[in-house]
file query_5.cif (mmCIF, C-alpha atoms and all ligand atoms)
data_start
#
loop_
_atom_site.label_atom_id
_atom_site.label_comp_id
_atom_site.auth_asym_id
_atom_site.auth_seq_id
_atom_site.Cartn_x
_atom_site.Cartn_y
_atom_site.Cartn_z
CA MET A 394 0.00 0.00 0.00
CA TYR A 395 1.45 3.33 -0.97
CA TRP A 396 -0.14 5.64 1.64
CA THR A 397 2.32 4.70 4.31
CA ARG A 398 4.09 6.53 7.12
CA LYS A 399 7.55 5.63 5.84
CA HIS A 400 8.83 4.49 2.48
CA VAL A 401 12.16 2.66 2.20
CA MET A 402 13.88 2.33 -1.15
CA VAL A 403 16.68 -0.27 -1.13
CA CYS A 404 19.05 -0.14 -4.08
CA THR A 405 19.43 -3.57 -5.65
CA ALA A 406 21.32 -2.48 -8.76
CA SER A 407 24.50 -4.34 -9.63
CA HIS A 408 27.05 -2.93 -7.15
CA CYS A 409 24.74 -3.02 -4.15
CA ASN A 410 23.43 -6.41 -5.24
CA GLN A 411 26.96 -7.84 -5.32
CA LYS A 412 27.31 -6.81 -1.69
CA GLY A 413 24.12 -8.42 -0.44
CA ALA A 414 21.35 -5.90 -1.13
CA MET A 415 18.81 -8.58 -2.07
CA ASP A 416 19.32 -10.22 1.32
CA VAL A 417 18.92 -6.82 3.01
CA VAL A 418 15.69 -5.92 1.23
CA GLY A 419 14.28 -9.43 1.67
CA ARG A 420 15.00 -9.48 5.40
CA LEU A 421 13.72 -5.94 5.91
CA ARG A 422 10.43 -6.76 4.18
CA LEU A 423 10.11 -9.87 6.31
CA GLU A 424 10.75 -7.94 9.54
CA VAL A 425 8.20 -5.28 8.58
CA ILE A 426 5.59 -7.98 7.97
CA ARG A 427 6.52 -9.93 11.13
CA LYS A 428 6.04 -6.80 13.23
CA GLY A 429 2.68 -6.12 11.56
CA LEU A 430 3.94 -2.79 10.18
CA ASP A 431 3.38 -3.41 6.48
CA ALA A 432 0.44 -1.00 6.42
CA GLU A 433 2.72 1.72 7.81
CA ILE A 434 6.09 0.99 6.22
CA LEU A 435 6.56 0.28 2.51
CA VAL A 436 9.83 -1.37 1.46
CA ASN A 437 10.74 -1.38 -2.22
CA ASN A 438 13.85 -2.25 -4.12
CA CYS A 439 15.04 0.29 -6.66
CA GLY A 440 17.72 0.99 -9.25
CA THR A 441 20.95 2.81 -8.55
CA ILE A 442 20.99 5.96 -6.48
CA ASP A 443 24.48 6.75 -7.82
CA LEU A 444 26.33 6.06 -4.59
CA CYS A 445 27.56 2.75 -5.94
CA ASP A 446 30.94 2.74 -4.19
CA CYS A 447 29.53 2.45 -0.69
CA GLY A 448 26.45 0.26 -0.87
CA PRO A 449 24.28 -1.51 -0.12
CA ASN A 450 22.35 1.74 0.16
CA MET A 451 18.82 2.58 1.15
CA VAL A 452 16.84 5.80 1.41
CA VAL A 453 14.17 6.35 4.04
CA TYR A 454 11.37 8.81 3.24
CA PRO A 455 10.04 11.18 4.37
CA ASP A 456 13.11 11.40 6.64
CA ASN A 457 15.37 11.77 3.60
CA VAL A 458 18.00 9.63 5.33
CA ILE A 459 20.46 7.56 3.30
CA TYR A 460 21.96 4.50 4.96
CA ASN A 461 25.07 3.01 3.37
CA GLY A 462 27.04 -0.17 3.81
CA VAL A 463 23.92 -1.85 5.17
CA THR A 464 24.03 -5.53 6.07
CA VAL A 465 21.40 -7.89 7.37
CA LYS A 466 22.89 -7.45 10.87
CA ASP A 467 21.91 -3.75 10.79
CA ILE A 468 18.22 -4.46 10.28
CA PRO A 469 17.18 -4.53 13.97
CA GLU A 470 18.51 -0.98 14.46
CA ILE A 471 16.97 0.20 11.19
CA MET A 472 13.65 -1.31 12.28
CA GLU A 473 13.83 0.74 15.48
CA HIS A 474 14.26 3.88 13.36
CA LEU A 475 11.37 2.90 11.10
CA LYS A 476 9.16 2.36 14.15
CA GLY A 477 9.84 5.95 15.21
CA GLY A 478 13.15 5.65 17.02
CA PRO A 479 16.39 7.50 16.37
CA VAL A 480 18.22 7.52 13.06
CA VAL A 481 21.08 4.97 12.98
CA GLU A 482 23.84 7.57 12.81
CA ARG A 483 26.70 5.13 12.19
CA LEU A 484 25.08 4.12 8.86
CA VAL A 485 24.13 7.59 7.65
CA LEU A 486 25.66 8.81 4.41
CA ALA A 487 25.55 12.57 3.95
CA ALA A 488 27.67 15.06 2.07
CA ASP A 489 29.44 15.92 5.32
CA SER A 490 29.74 12.39 6.72
CA GLU A 491 33.31 11.69 7.84
CA ALA A 492 33.74 8.77 5.43
CA GLU A 493 32.27 10.78 2.57
CA LEU A 494 34.69 13.65 3.25
CA GLN A 495 37.62 11.18 3.32
CA ARG A 496 36.62 9.70 -0.04
CA ARG A 497 35.97 13.11 -1.58
CA GLY A 498 39.33 14.38 -0.27
CA PHE A 499 41.13 11.43 -1.84
CA TYR A 500 39.44 11.87 -5.23
CA ALA A 501 39.93 15.65 -5.25
CA GLU A 502 43.69 15.04 -4.95
CA ALA A 503 43.88 11.96 -7.18
CA VAL A 504 42.06 13.64 -10.06
CA ALA A 505 44.75 16.31 -10.23
CA PHE A 506 47.32 13.76 -11.46
CA GLU A 507 47.14 13.97 -15.25
CA GLY A 508 47.86 10.50 -16.59
CA GLY A 509 47.23 8.95 -13.19
CA GLN A 510 49.57 7.73 -10.48
CA ASP A 511 51.46 4.51 -9.96
CA PRO A 512 49.56 1.99 -7.82
CA GLU A 513 51.73 2.43 -4.73
CA ALA A 514 51.36 6.23 -4.82
CA THR A 515 47.59 5.79 -5.15
CA LYS A 516 47.55 3.56 -2.08
CA ALA A 517 49.73 6.01 -0.18
CA LEU A 518 47.36 8.86 -1.07
CA ALA A 519 44.41 6.74 0.04
CA SER A 520 46.19 5.98 3.30
CA SER A 521 46.70 9.69 3.92
CA HIS A 522 42.90 9.98 3.82
CA ALA A 523 42.50 7.00 6.20
CA LEU A 524 41.38 4.74 3.34
CA ALA A 525 42.74 1.19 3.24
CA ASP A 526 44.42 -0.60 0.33
CA THR A 527 41.35 -2.83 0.14
CA TRP A 528 39.25 0.28 -0.44
CA VAL A 529 41.43 1.17 -3.45
CA ASP A 530 41.04 -2.38 -4.79
CA GLU A 531 37.29 -2.15 -4.44
CA GLN A 532 37.14 1.23 -6.16
CA LEU A 533 39.05 -0.32 -9.07
CA ARG A 534 36.63 -3.26 -9.20
CA ARG A 535 33.65 -0.91 -9.17
CA GLY A 536 34.98 1.31 -11.94
CA PHE A 537 35.69 4.45 -9.93
CA MET A 538 39.35 4.10 -10.81
CA ALA A 539 40.96 2.31 -13.72
CA ARG A 540 44.35 0.70 -14.24
CA LYS A 541 45.96 1.67 -17.54
CA PRO A 542 49.50 1.23 -18.90
CA ASP A 543 51.51 4.40 -19.29
CA ALA A 544 51.81 5.28 -22.99
CA VAL A 545 55.60 5.67 -22.75
CA THR A 546 56.85 3.32 -20.04
CA GLY A 547 54.07 0.72 -20.16
CA GLU A 548 53.96 0.74 -16.35
CA ASP A 549 50.62 0.61 -14.56
CA ARG A 550 48.93 3.91 -13.80
CA ILE A 551 45.79 4.37 -11.73
CA LEU A 552 43.35 6.92 -13.14
CA VAL A 553 40.19 8.45 -11.74
CA THR A 554 37.29 7.56 -14.03
CA LYS A 555 34.37 9.66 -15.21
CA LYS A 556 32.17 7.64 -12.89
CA ALA A 557 34.09 8.95 -9.86
CA ARG A 558 34.19 12.50 -11.26
CA VAL A 559 30.39 12.47 -11.57
CA ARG A 560 29.88 10.80 -8.17
CA TYR A 561 32.11 13.32 -6.37
CA THR A 562 31.32 16.30 -8.67
CA LEU A 563 34.99 16.81 -9.55
S1 LIG A 601 24.34 0.10 -7.32
FE1 LIG A 601 23.40 0.83 -5.50
S2 LIG A 601 23.83 2.94 -5.53
FE2 LIG A 601 24.52 2.25 -7.46
#

call {"tool": "encode", "arguments": {"input": "query_5.cif", "output": "structure tokens", "more": "lines below"}}
Ligand code: FES
result
Amino acid sequence: MYWTRKHVMVCTASHCNQKGAMDVVGRLRLEVIRKGLDAEILVNNCGTIDLCDCGPNMVVYPDNVIYNGVTVKDIPEIMEHLKGGPVVERLVLAADSEAELQRRGFYAEAVAFEGGQDPEATKALASSHALADTWVDEQLRRGFMARKPDAVTGEDRILVTKKARVRYTL
């Protein structure tokens, strides 16, 4: 039923899906039904909300809250929010979230390197923004950075892609 008190949109597009979004949306729907709240809380899956590097993501309306990196384990706390409790601050993604500022800071510096950086320099830059090597690897897998051979030396360079430029408005 659409005329609900809260509406939750869970992204199940490819990147979020690869990280378990279908399990999240399935479990959330089940919990809403189990608690008899399905007339009050509508849970839908949706396409990308363009925050693909930090999913699974969901948006809660009318609160206009975005939760990122959601797992099935987070559902009890999210249910408390949906029932009228506090927002789950540790999962909130906002333009001024600490993690968002770290990622944006990294990309703002990385994009300035014409022709990219060597992989170790990229990881060092990430580390200076408190981002782990595994984060760099994931960004590469998700297309926010790309590995290309240098035209002259043939050595690997890491470049910021258009996808990241759009995501971080660079
Ligand atoms: S795949 Fe979920 S935000 Fe893009």

call {"tool": "residues_around", "arguments": {"input": "query_5.cif", "residues": "segment 429-440 of chain A", "least_positions_apart": "2", "cutoff": "6 Å", "atoms": "all atoms listed in the file", "output": "list in words"}}
result
Thr397, Arg398, Lys399, His400, Val401, Met402, Val403, Cys404, Thr405, Ala406, Val425, Ile426 and Arg427 of chain A

call {"tool": "atom_distance", "arguments": {"input": "query_5.cif", "atom1": "atom CA of Ala514 of chain A", "atom2": "atom CA of Arg550 of chain A"}}
result
9.6 Å

call {"tool": "residues_around", "arguments": {"input": "query_5.cif", "residues": "Lys556 of chain A", "least_positions_apart": "4", "cutoff": "8 Å", "atoms": "all atoms listed in the file", "output": "list in words"}}
result
Gly536, Phe537 and Arg560 of chain A

call {"tool": "residues_near_point", "arguments": {"input": "query_5.cif", "point": "(17.2, -11.3, 6.8)", "cutoff": "10 Å", "atoms": "all atoms listed in the file", "output": "ChimeraX atom specification"}}
result
/A:415-424,464-469

call {"tool": "residues_near_ligand", "arguments": {"input": "query_5.cif", "ligand": "ligand LIG 601 (chain A)", "cutoff": "7 Å", "atoms": "all atoms listed in the file", "output": "count of residues only"}}
result
16

call {"tool": "residues_near_point", "arguments": {"input": "query_5.cif", "point": "(33.7, -1.1, -5.4)", "cutoff": "10 Å", "atoms": "all atoms listed in the file", "output": "count of residues only"}}
result
20

call {"tool": "atom_distance", "arguments": {"input": "query_5.cif", "atom1": "atom CA of Tyr561 of chain A", "atom2": "atom CA of Val453 of chain A"}}
result
21.9 Å

call {"tool": "atom_distance", "arguments": {"input": "query_5.cif", "atom1": "atom CA of Thr562 of chain A", "atom2": "atom CA of Val458 of chain A"}}
result
20.4 Å

call {"tool": "closest_residue", "arguments": {"input": "query_5.cif", "among": "A:Ala539, A:Ala414, A:Ala503, A:Ala487", "to": "Thr554 of chain A", "atoms": "only C-alpha atoms"}}
result
A:Ala539

call {"tool": "closest_residue", "arguments": {"input": "query_5.cif", "among": "A:Thr546, A:Tyr460, A:His522, A:Ala557", "to": "Leu494 of chain A", "atoms": "all atoms listed in the file"}}
result
A:His522

call {"tool": "closest_residue", "arguments": {"input": "query_5.cif", "among": "A:Gly498, A:Lys428, A:Leu518, A:Pro455", "to": "Trp396 of chain A", "atoms": "all atoms listed in the file"}}
result
A:Pro455

call {"tool": "closest_residue", "arguments": {"input": "query_5.cif", "among": "A:Leu563, A:Pro542, A:Met472, A:Asn457", "to": "Gln510 of chain A", "atoms": "all atoms listed in the file"}}
result
A:Pro542

call {"tool": "residues_around", "arguments": {"input": "query_5.cif", "residues": "Gly508 of chain A", "least_positions_apart": "6", "cutoff": "9 Å", "atoms": "all atoms listed in the file", "output": "JSON, numbers by chain"}}
result
{"A": [543, 550, 551, 552]}

call {"tool": "closest_residue", "arguments": {"input": "query_5.cif", "among": "A:Ala519, A:Val553, A:Val545, A:Leu484", "to": "Glu507 of chain A", "atoms": "only C-alpha atoms"}}
result
A:Val553
